[in-house]
Amino acid sequence: YGAHEWQAYSEASEEEVLCIVLIETNQGVENVGDIAGIDGVDVIFFGPGDLSQEYGDGPGWHSARTRDAWGAVRAATEGLGTLLMTAAHPEVDSEAVYELVDDGADMIVYSADWVLFRKTLSAISRLKER
């Protein structure tokens, strides 16, 4: 929105809808094959942060059960034509993103703005200490 003339944007936004379904509970993981098979579901977003909290592990990808669930989601959606999306959590760096892509992620939500902002300010404050 805002990068194009309004009329062109409004017409395209009605035609180019992307349905992203968030899987961040164990029940979602167990049913992801059925969910991904629903006509119109384009992307499965695997939420490692909330899932690891449900397991009582944490945080995010540090949980072995979360990693196992990611493998189950990947296997259940294979061949369905549904894209897999996830987040680099709690690591917010390029290495974590590359690892997830190598492990089957089609799309990555890199971070919340506040995480990047906090990391940048922390790096700046360390420079002042030198």
# chains A, B, ... in the order shown; residues from 1 in each chain; ligands from 1
call {"tool": "residues_around", "arguments": {"residues": "range 23-27 of chain A", "least_positions_apart": "2", "cutoff": "9 Å", "atoms": "only C-alpha atoms", "output": "list in words"}}
result
Val21, Val29, Glu30, Asn31, Val32, Ile44, Phe45, Phe46, Gly47, Pro48, Gly49, Asp50, Leu51, Ser52, Glu54, Tyr55 and Ala69 of chain A
call {"tool": "write_last_selection", "arguments": {"atoms": "N, CA and C atoms", "output": "PDB file, in the first residue's frame"}}
result
ATOM      1  N   VAL A  21      -1.997 -19.634   7.130  1.00  0.00           N
ATOM      2  CA  VAL A  21      -2.562 -20.252   8.324  1.00  0.00           C
ATOM      3  C   VAL A  21      -1.441 -20.451   9.338  1.00  0.00           C
ATOM      4  N   VAL A  29      -0.211 -28.830  14.848  1.00  0.00           N
ATOM      5  CA  VAL A  29       0.807 -29.703  14.262  1.00  0.00           C
ATOM      6  C   VAL A  29       0.184 -31.055  13.890  1.00  0.00           C
ATOM      7  N   GLU A  30      -0.623 -31.614  14.799  1.00  0.00           N
ATOM      8  CA  GLU A  30      -1.241 -32.909  14.551  1.00  0.00           C
ATOM      9  C   GLU A  30      -2.190 -32.896  13.353  1.00  0.00           C
ATOM     10  N   ASN A  31      -2.794 -31.743  13.071  1.00  0.00           N
ATOM     11  CA  ASN A  31      -3.794 -31.640  11.997  1.00  0.00           C
ATOM     12  C   ASN A  31      -3.310 -30.880  10.773  1.00  0.00           C
ATOM     13  N   VAL A  32      -2.019 -30.583  10.705  1.00  0.00           N
ATOM     14  CA  VAL A  32      -1.524 -29.701   9.653  1.00  0.00           C
ATOM     15  C   VAL A  32      -1.727 -30.271   8.254  1.00  0.00           C
ATOM     16  N   ILE A  44       1.557 -22.275   5.143  1.00  0.00           N
ATOM     17  CA  ILE A  44       1.500 -22.694   6.536  1.00  0.00           C
ATOM     18  C   ILE A  44       2.608 -21.946   7.257  1.00  0.00           C
ATOM     19  N   PHE A  45       2.238 -21.152   8.248  1.00  0.00           N
ATOM     20  CA  PHE A  45       3.208 -20.415   9.063  1.00  0.00           C
ATOM     21  C   PHE A  45       3.404 -21.201  10.352  1.00  0.00           C
ATOM     22  N   PHE A  46       4.573 -21.785  10.521  1.00  0.00           N
ATOM     23  CA  PHE A  46       4.930 -22.555  11.710  1.00  0.00           C
ATOM     24  C   PHE A  46       5.474 -21.581  12.754  1.00  0.00           C
ATOM     25  N   GLY A  47       4.770 -21.466  13.893  1.00  0.00           N
ATOM     26  CA  GLY A  47       5.156 -20.536  14.952  1.00  0.00           C
ATOM     27  C   GLY A  47       5.963 -21.211  16.053  1.00  0.00           C
ATOM     28  N   PRO A  48       7.298 -21.163  15.993  1.00  0.00           N
ATOM     29  CA  PRO A  48       8.123 -21.886  16.957  1.00  0.00           C
ATOM     30  C   PRO A  48       8.089 -21.311  18.369  1.00  0.00           C
ATOM     31  N   GLY A  49       7.867 -20.027  18.505  1.00  0.00           N
ATOM     32  CA  GLY A  49       7.890 -19.420  19.840  1.00  0.00           C
ATOM     33  C   GLY A  49       6.740 -19.869  20.708  1.00  0.00           C
ATOM     34  N   ASP A  50       5.530 -19.721  20.223  1.00  0.00           N
ATOM     35  CA  ASP A  50       4.358 -20.109  21.008  1.00  0.00           C
ATOM     36  C   ASP A  50       4.276 -21.625  21.163  1.00  0.00           C
ATOM     37  N   LEU A  51       4.682 -22.364  20.128  1.00  0.00           N
ATOM     38  CA  LEU A  51       4.644 -23.823  20.228  1.00  0.00           C
ATOM     39  C   LEU A  51       5.593 -24.312  21.319  1.00  0.00           C
ATOM     40  N   SER A  52       6.795 -23.765  21.360  1.00  0.00           N
ATOM     41  CA  SER A  52       7.742 -24.196  22.391  1.00  0.00           C
ATOM     42  C   SER A  52       7.236 -23.837  23.782  1.00  0.00           C
ATOM     43  N   GLU A  54       4.023 -23.810  24.593  1.00  0.00           N
ATOM     44  CA  GLU A  54       2.994 -24.809  24.886  1.00  0.00           C
ATOM     45  C   GLU A  54       3.630 -26.100  25.400  1.00  0.00           C
ATOM     46  N   TYR A  55       4.763 -26.454  24.827  1.00  0.00           N
ATOM     47  CA  TYR A  55       5.461 -27.659  25.259  1.00  0.00           C
ATOM     48  C   TYR A  55       6.115 -27.490  26.632  1.00  0.00           C
ATOM     49  N   ALA A  69       8.520 -31.104  15.737  1.00  0.00           N
ATOM     50  CA  ALA A  69       7.237 -30.670  15.177  1.00  0.00           C
ATOM     51  C   ALA A  69       7.440 -30.041  13.801  1.00  0.00           C
TER      52      ALA A  69
END
call {"tool": "select_by_dssp", "arguments": {"residues": "range 8-41 of chain A", "states": "strand (DSSP E or B)", "output": "list in words"}}
result
Ile20, Val21, Leu22 and Ile23 of chain A
call {"tool": "write_last_selection", "arguments": {"atoms": "all heavy atoms", "output": "PDB file, in the first residue's frame"}}
result
ATOM      1  N   ILE A  20      -2.641 -17.299   4.700  1.00  0.00           N
ATOM      2  CA  ILE A  20      -1.579 -17.837   5.546  1.00  0.00           C
ATOM      3  C   ILE A  20      -2.214 -18.346   6.828  1.00  0.00           C
ATOM      4  O   ILE A  20      -2.887 -17.603   7.534  1.00  0.00           O
ATOM      5  CB  ILE A  20      -0.530 -16.758   5.861  1.00  0.00           C
ATOM      6  CG1 ILE A  20       0.070 -16.201   4.573  1.00  0.00           C
ATOM      7  CG2 ILE A  20       0.551 -17.325   6.789  1.00  0.00           C
ATOM      8  CD1 ILE A  20       0.997 -15.020   4.781  1.00  0.00           C
ATOM      9  N   VAL A  21      -1.997 -19.634   7.130  1.00  0.00           N
ATOM     10  CA  VAL A  21      -2.562 -20.252   8.324  1.00  0.00           C
ATOM     11  C   VAL A  21      -1.441 -20.451   9.338  1.00  0.00           C
ATOM     12  O   VAL A  21      -0.397 -21.026   9.017  1.00  0.00           O
ATOM     13  CB  VAL A  21      -3.221 -21.599   7.976  1.00  0.00           C
ATOM     14  CG1 VAL A  21      -3.738 -22.277   9.224  1.00  0.00           C
ATOM     15  CG2 VAL A  21      -4.343 -21.388   6.969  1.00  0.00           C
ATOM     16  N   LEU A  22      -1.662 -19.982  10.547  1.00  0.00           N
ATOM     17  CA  LEU A  22      -0.668 -20.067  11.611  1.00  0.00           C
ATOM     18  C   LEU A  22      -0.826 -21.363  12.388  1.00  0.00           C
ATOM     19  O   LEU A  22      -1.907 -21.659  12.904  1.00  0.00           O
ATOM     20  CB  LEU A  22      -0.817 -18.865  12.549  1.00  0.00           C
ATOM     21  CG  LEU A  22       0.120 -18.766  13.734  1.00  0.00           C
ATOM     22  CD1 LEU A  22       1.570 -18.708  13.283  1.00  0.00           C
ATOM     23  CD2 LEU A  22      -0.225 -17.522  14.552  1.00  0.00           C
ATOM     24  N   ILE A  23       0.249 -22.125  12.472  1.00  0.00           N
ATOM     25  CA  ILE A  23       0.290 -23.359  13.250  1.00  0.00           C
ATOM     26  C   ILE A  23       1.246 -23.112  14.416  1.00  0.00           C
ATOM     27  O   ILE A  23       2.460 -23.007  14.217  1.00  0.00           O
ATOM     28  CB  ILE A  23       0.782 -24.555  12.401  1.00  0.00           C
ATOM     29  CG1 ILE A  23      -0.092 -24.773  11.179  1.00  0.00           C
ATOM     30  CG2 ILE A  23       0.905 -25.811  13.262  1.00  0.00           C
ATOM     31  CD1 ILE A  23      -1.509 -25.221  11.469  1.00  0.00           C
TER      32      ILE A  23
END
call {"tool": "closest_residue", "arguments": {"among": "A:Asp57, A:Glu91, A:Asp103, A:Glu16", "to": "Gly40 in chain A", "atoms": "only C-alpha atoms"}}
result
A:Glu16
call {"tool": "atom_distance", "arguments": {"atom1": "CA of Asp102 in chain A", "atom2": "CA of Asp34 in chain A"}}
result
24.9 Å
call {"tool": "atom_distance", "arguments": {"atom1": "CA of Cys19 in chain A", "atom2": "CA of Gln7 in chain A"}}
result
22.6 Å
call {"tool": "select_by_dssp", "arguments": {"residues": "range 45-106 of chain A", "states": "helix (DSSP H, G or I)", "output": "PyMOL selection string"}}
result
chain A and resi 48-55+60-62+64-77+94-102
call {"tool": "write_last_selection", "arguments": {"atoms": "N, CA and C atoms", "output": "compact mmCIF listing (two decimals), in the first residue's frame"}}
result
# COMPACT_ATOMS: atom_id res chain seq x y z
N PRO A 48 7.30 -21.16 15.99
CA PRO A 48 8.12 -21.89 16.96
C PRO A 48 8.09 -21.31 18.37
N GLY A 49 7.87 -20.03 18.51
CA GLY A 49 7.89 -19.42 19.84
C GLY A 49 6.74 -19.87 20.71
N ASP A 50 5.53 -19.72 20.22
CA ASP A 50 4.36 -20.11 21.01
C ASP A 50 4.28 -21.62 21.16
N LEU A 51 4.68 -22.36 20.13
CA LEU A 51 4.64 -23.82 20.23
C LEU A 51 5.59 -24.31 21.32
N SER A 52 6.79 -23.76 21.36
CA SER A 52 7.74 -24.20 22.39
C SER A 52 7.24 -23.84 23.78
N GLN A 53 6.50 -22.74 23.89
CA GLN A 53 5.91 -22.37 25.18
C GLN A 53 4.82 -23.37 25.58
N GLU A 54 4.02 -23.81 24.59
CA GLU A 54 2.99 -24.81 24.89
C GLU A 54 3.63 -26.10 25.40
N TYR A 55 4.76 -26.45 24.83
CA TYR A 55 5.46 -27.66 25.26
C TYR A 55 6.11 -27.49 26.63
N GLY A 60 11.58 -21.15 21.48
CA GLY A 60 11.59 -21.40 20.03
C GLY A 60 12.37 -22.61 19.59
N TRP A 61 13.32 -22.38 18.71
CA TRP A 61 14.07 -23.46 18.07
C TRP A 61 15.00 -24.19 19.02
N HIS A 62 15.19 -23.68 20.25
CA HIS A 62 16.02 -24.38 21.23
C HIS A 62 15.31 -25.63 21.74
N ALA A 64 13.79 -29.19 21.47
CA ALA A 64 13.88 -30.37 20.61
C ALA A 64 12.50 -30.77 20.09
N ARG A 65 11.48 -30.61 20.93
CA ARG A 65 10.12 -30.96 20.49
C ARG A 65 9.64 -30.02 19.39
N THR A 66 10.04 -28.77 19.46
CA THR A 66 9.67 -27.82 18.41
C THR A 66 10.35 -28.21 17.10
N ARG A 67 11.62 -28.58 17.16
CA ARG A 67 12.33 -29.04 15.96
C ARG A 67 11.66 -30.29 15.38
N ASP A 68 11.27 -31.22 16.26
CA ASP A 68 10.57 -32.43 15.80
C ASP A 68 9.24 -32.07 15.14
N ALA A 69 8.52 -31.10 15.74
CA ALA A 69 7.24 -30.67 15.18
C ALA A 69 7.44 -30.04 13.80
N TRP A 70 8.52 -29.27 13.64
CA TRP A 70 8.84 -28.67 12.34
C TRP A 70 9.01 -29.79 11.29
N GLY A 71 9.72 -30.84 11.65
CA GLY A 71 9.89 -31.96 10.74
C GLY A 71 8.57 -32.63 10.39
N ALA A 72 7.69 -32.76 11.37
CA ALA A 72 6.37 -33.36 11.14
C ALA A 72 5.54 -32.48 10.21
N VAL A 73 5.59 -31.17 10.41
CA VAL A 73 4.84 -30.24 9.56
C VAL A 73 5.39 -30.30 8.14
N ARG A 74 6.70 -30.29 8.01
CA ARG A 74 7.32 -30.38 6.70
C ARG A 74 6.89 -31.66 5.98
N ALA A 75 6.92 -32.78 6.68
CA ALA A 75 6.54 -34.07 6.08
C ALA A 75 5.06 -34.10 5.71
N ALA A 76 4.20 -33.56 6.58
CA ALA A 76 2.75 -33.61 6.34
C ALA A 76 2.32 -32.74 5.18
N THR A 77 3.08 -31.70 4.88
CA THR A 77 2.69 -30.78 3.82
C THR A 77 3.43 -31.05 2.51
N SER A 94 21.25 -13.61 10.33
CA SER A 94 21.22 -14.22 9.00
C SER A 94 21.56 -15.71 9.05
N GLU A 95 22.42 -16.14 9.95
CA GLU A 95 22.77 -17.56 10.03
C GLU A 95 21.55 -18.41 10.37
N ALA A 96 20.72 -17.95 11.31
CA ALA A 96 19.51 -18.69 11.66
C ALA A 96 18.56 -18.77 10.47
N VAL A 97 18.48 -17.71 9.70
CA VAL A 97 17.62 -17.70 8.51
C VAL A 97 18.12 -18.70 7.48
N TYR A 98 19.43 -18.71 7.22
CA TYR A 98 19.99 -19.66 6.26
C TYR A 98 19.74 -21.10 6.70
N GLU A 99 19.89 -21.39 7.98
CA GLU A 99 19.65 -22.74 8.49
C GLU A 99 18.21 -23.17 8.25
N LEU A 100 17.26 -22.25 8.47
CA LEU A 100 15.85 -22.59 8.27
C LEU A 100 15.53 -22.83 6.79
N VAL A 101 16.12 -22.03 5.92
CA VAL A 101 15.91 -22.24 4.49
C VAL A 101 16.49 -23.59 4.08
N ASP A 102 17.67 -23.90 4.58
CA ASP A 102 18.28 -25.20 4.28
C ASP A 102 17.44 -26.35 4.82
call {"tool": "atom_distance", "arguments": {"atom1": "CA of Arg118 in chain A", "atom2": "CA of Gly58 in chain A"}}
result
20.8 Å
call {"tool": "closest_residue", "arguments": {"among": "A:Gly56, A:Ser122, A:Pro90, A:Leu84", "to": "Ala105 in chain A", "atoms": "only C-alpha atoms"}}
result
A:Leu84
call {"tool": "closest_atom_pairs", "arguments": {"of": "range 25-91 of chain A", "to": "range 106-110 of chain A", "cutoff": "6 Å", "atoms": "only C-alpha atoms", "output": "tab-separated table"}}
result
residue	atom	partner	partner_atom	distance
A:Leu83	CA	A:Asp106	CA	5.9
A:Leu84	CA	A:Asp106	CA	5.2
A:Met85	CA	A:Met107	CA	4.4
A:Thr86	CA	A:Ile108	CA	5.2
A:Ala87	CA	A:Val109	CA	4.8
call {"tool": "closest_residue", "arguments": {"among": "A:Leu80, A:Val17, A:Glu11, A:Glu5", "to": "Ile35 in chain A", "atoms": "only C-alpha atoms"}}
result
A:Leu80
call {"tool": "closest_residue", "arguments": {"among": "A:Gly104, A:His89, A:Gly79, A:Lys119", "to": "Gly33 in chain A", "atoms": "only C-alpha atoms"}}
result
A:Gly79
call {"tool": "decode", "arguments": {"residues": "range 5-21 of chain A", "atoms": "all heavy atoms", "output": "PDB file, in the first residue's frame"}}
result
ATOM      1  N   GLU A   5      -0.220   3.623  -7.450  1.00  0.00           N
ATOM      2  CA  GLU A   5      -1.410   4.458  -7.574  1.00  0.00           C
ATOM      3  C   GLU A   5      -2.578   3.709  -6.943  1.00  0.00           C
ATOM      4  O   GLU A   5      -2.687   2.492  -7.040  1.00  0.00           O
ATOM      5  CB  GLU A   5      -1.633   4.713  -9.078  1.00  0.00           C
ATOM      6  CG  GLU A   5      -2.770   5.631  -9.402  1.00  0.00           C
ATOM      7  CD  GLU A   5      -4.059   4.878  -9.660  1.00  0.00           C
ATOM      8  OE1 GLU A   5      -4.012   3.786 -10.244  1.00  0.00           O
ATOM      9  OE2 GLU A   5      -5.112   5.383  -9.240  1.00  0.00           O
ATOM     10  N   TRP A   6      -3.442   4.429  -6.241  1.00  0.00           N
ATOM     11  CA  TRP A   6      -4.494   3.830  -5.430  1.00  0.00           C
ATOM     12  C   TRP A   6      -5.402   2.882  -6.215  1.00  0.00           C
ATOM     13  O   TRP A   6      -5.691   1.784  -5.760  1.00  0.00           O
ATOM     14  CB  TRP A   6      -5.339   4.901  -4.748  1.00  0.00           C
ATOM     15  CG  TRP A   6      -6.491   4.284  -4.021  1.00  0.00           C
ATOM     16  CD1 TRP A   6      -7.804   4.289  -4.391  1.00  0.00           C
ATOM     17  CD2 TRP A   6      -6.430   3.509  -2.827  1.00  0.00           C
ATOM     18  NE1 TRP A   6      -8.563   3.576  -3.504  1.00  0.00           N
ATOM     19  CE2 TRP A   6      -7.728   3.082  -2.519  1.00  0.00           C
ATOM     20  CE3 TRP A   6      -5.393   3.127  -1.976  1.00  0.00           C
ATOM     21  CZ2 TRP A   6      -8.033   2.312  -1.416  1.00  0.00           C
ATOM     22  CZ3 TRP A   6      -5.698   2.357  -0.868  1.00  0.00           C
ATOM     23  CH2 TRP A   6      -7.014   1.956  -0.599  1.00  0.00           C
ATOM     24  N   GLN A   7      -5.863   3.266  -7.373  1.00  0.00           N
ATOM     25  CA  GLN A   7      -6.787   2.433  -8.138  1.00  0.00           C
ATOM     26  C   GLN A   7      -6.142   1.096  -8.491  1.00  0.00           C
ATOM     27  O   GLN A   7      -6.752   0.046  -8.341  1.00  0.00           O
ATOM     28  CB  GLN A   7      -7.267   3.158  -9.399  1.00  0.00           C
ATOM     29  CG  GLN A   7      -8.353   2.426 -10.154  1.00  0.00           C
ATOM     30  CD  GLN A   7      -9.631   2.247  -9.331  1.00  0.00           C
ATOM     31  OE1 GLN A   7     -10.015   3.109  -8.539  1.00  0.00           O
ATOM     32  NE2 GLN A   7     -10.284   1.101  -9.517  1.00  0.00           N
ATOM     33  N   ALA A   8      -4.907   1.121  -8.949  1.00  0.00           N
ATOM     34  CA  ALA A   8      -4.206  -0.119  -9.299  1.00  0.00           C
ATOM     35  C   ALA A   8      -4.020  -0.987  -8.061  1.00  0.00           C
ATOM     36  O   ALA A   8      -4.207  -2.207  -8.120  1.00  0.00           O
ATOM     37  CB  ALA A   8      -2.853   0.196  -9.932  1.00  0.00           C
ATOM     38  N   TYR A   9      -3.685  -0.356  -6.950  1.00  0.00           N
ATOM     39  CA  TYR A   9      -3.513  -1.104  -5.698  1.00  0.00           C
ATOM     40  C   TYR A   9      -4.820  -1.775  -5.273  1.00  0.00           C
ATOM     41  O   TYR A   9      -4.849  -2.962  -4.934  1.00  0.00           O
ATOM     42  CB  TYR A   9      -2.998  -0.199  -4.573  1.00  0.00           C
ATOM     43  CG  TYR A   9      -3.119  -0.865  -3.231  1.00  0.00           C
ATOM     44  CD1 TYR A   9      -2.200  -1.830  -2.823  1.00  0.00           C
ATOM     45  CD2 TYR A   9      -4.181  -0.559  -2.380  1.00  0.00           C
ATOM     46  CE1 TYR A   9      -2.332  -2.468  -1.610  1.00  0.00           C
ATOM     47  CE2 TYR A   9      -4.320  -1.200  -1.161  1.00  0.00           C
ATOM     48  CZ  TYR A   9      -3.392  -2.152  -0.781  1.00  0.00           C
ATOM     49  OH  TYR A   9      -3.537  -2.796   0.420  1.00  0.00           O
ATOM     50  N   SER A  10      -5.908  -1.010  -5.279  1.00  0.00           N
ATOM     51  CA  SER A  10      -7.174  -1.554  -4.793  1.00  0.00           C
ATOM     52  C   SER A  10      -7.675  -2.696  -5.676  1.00  0.00           C
ATOM     53  O   SER A  10      -8.233  -3.674  -5.177  1.00  0.00           O
ATOM     54  CB  SER A  10      -8.230  -0.457  -4.654  1.00  0.00           C
ATOM     55  OG  SER A  10      -8.531   0.105  -5.903  1.00  0.00           O
ATOM     56  N   GLU A  11      -7.460  -2.600  -6.981  1.00  0.00           N
ATOM     57  CA  GLU A  11      -7.857  -3.688  -7.871  1.00  0.00           C
ATOM     58  C   GLU A  11      -7.002  -4.929  -7.637  1.00  0.00           C
ATOM     59  O   GLU A  11      -7.514  -6.045  -7.551  1.00  0.00           O
ATOM     60  CB  GLU A  11      -7.769  -3.244  -9.327  1.00  0.00           C
ATOM     61  CG  GLU A  11      -8.834  -2.229  -9.703  1.00  0.00           C
ATOM     62  CD  GLU A  11      -8.608  -1.614 -11.070  1.00  0.00           C
ATOM     63  OE1 GLU A  11      -7.714  -2.089 -11.815  1.00  0.00           O
ATOM     64  OE2 GLU A  11      -9.329  -0.658 -11.397  1.00  0.00           O
ATOM     65  N   ALA A  12      -5.704  -4.749  -7.514  1.00  0.00           N
ATOM     66  CA  ALA A  12      -4.798  -5.885  -7.306  1.00  0.00           C
ATOM     67  C   ALA A  12      -5.036  -6.540  -5.947  1.00  0.00           C
ATOM     68  O   ALA A  12      -4.959  -7.761  -5.823  1.00  0.00           O
ATOM     69  CB  ALA A  12      -3.345  -5.422  -7.410  1.00  0.00           C
ATOM     70  N   SER A  13      -5.362  -5.734  -4.939  1.00  0.00           N
ATOM     71  CA  SER A  13      -5.550  -6.304  -3.603  1.00  0.00           C
ATOM     72  C   SER A  13      -6.780  -7.198  -3.530  1.00  0.00           C
ATOM     73  O   SER A  13      -6.836  -8.101  -2.701  1.00  0.00           O
ATOM     74  CB  SER A  13      -5.634  -5.193  -2.545  1.00  0.00           C
ATOM     75  OG  SER A  13      -6.822  -4.446  -2.697  1.00  0.00           O
ATOM     76  N   GLU A  14      -7.733  -6.968  -4.398  1.00  0.00           N
ATOM     77  CA  GLU A  14      -8.912  -7.832  -4.445  1.00  0.00           C
ATOM     78  C   GLU A  14      -8.622  -9.134  -5.180  1.00  0.00           C
ATOM     79  O   GLU A  14      -9.245 -10.150  -4.929  1.00  0.00           O
ATOM     80  CB  GLU A  14     -10.076  -7.098  -5.133  1.00  0.00           C
ATOM     81  CG  GLU A  14     -10.634  -5.958  -4.319  1.00  0.00           C
ATOM     82  CD  GLU A  14     -11.275  -6.413  -3.019  1.00  0.00           C
ATOM     83  OE1 GLU A  14     -11.957  -7.455  -3.010  1.00  0.00           O
ATOM     84  OE2 GLU A  14     -11.089  -5.718  -2.006  1.00  0.00           O
ATOM     85  N   GLU A  15      -7.663  -9.116  -6.091  1.00  0.00           N
ATOM     86  CA  GLU A  15      -7.365 -10.285  -6.909  1.00  0.00           C
ATOM     87  C   GLU A  15      -6.211 -11.122  -6.354  1.00  0.00           C
ATOM     88  O   GLU A  15      -6.125 -12.308  -6.638  1.00  0.00           O
ATOM     89  CB  GLU A  15      -7.007  -9.837  -8.332  1.00  0.00           C
ATOM     90  CG  GLU A  15      -8.169  -9.173  -9.046  1.00  0.00           C
ATOM     91  CD  GLU A  15      -7.747  -8.543 -10.359  1.00  0.00           C
ATOM     92  OE1 GLU A  15      -6.619  -8.796 -10.818  1.00  0.00           O
ATOM     93  OE2 GLU A  15      -8.551  -7.794 -10.929  1.00  0.00           O
ATOM     94  N   GLU A  16      -5.333 -10.515  -5.598  1.00  0.00           N
ATOM     95  CA  GLU A  16      -4.115 -11.185  -5.139  1.00  0.00           C
ATOM     96  C   GLU A  16      -4.162 -11.412  -3.629  1.00  0.00           C
ATOM     97  O   GLU A  16      -3.460 -10.780  -2.868  1.00  0.00           O
ATOM     98  CB  GLU A  16      -2.899 -10.356  -5.522  1.00  0.00           C
ATOM     99  CG  GLU A  16      -2.762 -10.194  -7.028  1.00  0.00           C
ATOM    100  CD  GLU A  16      -1.591  -9.323  -7.413  1.00  0.00           C
ATOM    101  OE1 GLU A  16      -0.702  -9.095  -6.583  1.00  0.00           O
ATOM    102  OE2 GLU A  16      -1.579  -8.869  -8.555  1.00  0.00           O
ATOM    103  N   VAL A  17      -4.993 -12.353  -3.226  1.00  0.00           N
ATOM    104  CA  VAL A  17      -5.151 -12.667  -1.809  1.00  0.00           C
ATOM    105  C   VAL A  17      -4.293 -13.878  -1.476  1.00  0.00           C
ATOM    106  O   VAL A  17      -4.277 -14.864  -2.211  1.00  0.00           O
ATOM    107  CB  VAL A  17      -6.636 -12.952  -1.474  1.00  0.00           C
ATOM    108  CG1 VAL A  17      -6.794 -13.376  -0.033  1.00  0.00           C
ATOM    109  CG2 VAL A  17      -7.475 -11.720  -1.781  1.00  0.00           C
ATOM    110  N   LEU A  18      -3.589 -13.804  -0.379  1.00  0.00           N
ATOM    111  CA  LEU A  18      -2.745 -14.894   0.086  1.00  0.00           C
ATOM    112  C   LEU A  18      -3.278 -15.356   1.434  1.00  0.00           C
ATOM    113  O   LEU A  18      -3.407 -14.563   2.359  1.00  0.00           O
ATOM    114  CB  LEU A  18      -1.302 -14.401   0.236  1.00  0.00           C
ATOM    115  CG  LEU A  18      -0.237 -15.415   0.612  1.00  0.00           C
ATOM    116  CD1 LEU A  18      -0.045 -16.413  -0.530  1.00  0.00           C
ATOM    117  CD2 LEU A  18       1.073 -14.697   0.899  1.00  0.00           C
ATOM    118  N   CYS A  19      -3.618 -16.628   1.545  1.00  0.00           N
ATOM    119  CA  CYS A  19      -4.140 -17.178   2.793  1.00  0.00           C
ATOM    120  C   CYS A  19      -3.002 -17.863   3.549  1.00  0.00           C
ATOM    121  O   CYS A  19      -2.457 -18.877   3.088  1.00  0.00           O
ATOM    122  CB  CYS A  19      -5.268 -18.169   2.512  1.00  0.00           C
ATOM    123  SG  CYS A  19      -5.939 -18.911   4.018  1.00  0.00           S
ATOM    124  N   ILE A  20      -2.641 -17.299   4.700  1.00  0.00           N
ATOM    125  CA  ILE A  20      -1.579 -17.837   5.546  1.00  0.00           C
ATOM    126  C   ILE A  20      -2.214 -18.346   6.828  1.00  0.00           C
ATOM    127  O   ILE A  20      -2.887 -17.603   7.534  1.00  0.00           O
ATOM    128  CB  ILE A  20      -0.530 -16.758   5.861  1.00  0.00           C
ATOM    129  CG1 ILE A  20       0.070 -16.201   4.573  1.00  0.00           C
ATOM    130  CG2 ILE A  20       0.551 -17.325   6.789  1.00  0.00           C
ATOM    131  CD1 ILE A  20       0.997 -15.020   4.781  1.00  0.00           C
ATOM    132  N   VAL A  21      -1.997 -19.634   7.130  1.00  0.00           N
ATOM    133  CA  VAL A  21      -2.562 -20.252   8.324  1.00  0.00           C
ATOM    134  C   VAL A  21      -1.441 -20.451   9.338  1.00  0.00           C
ATOM    135  O   VAL A  21      -0.397 -21.026   9.017  1.00  0.00           O
ATOM    136  CB  VAL A  21      -3.221 -21.599   7.976  1.00  0.00           C
ATOM    137  CG1 VAL A  21      -3.738 -22.277   9.224  1.00  0.00           C
ATOM    138  CG2 VAL A  21      -4.343 -21.388   6.969  1.00  0.00           C
TER     139      VAL A  21
END
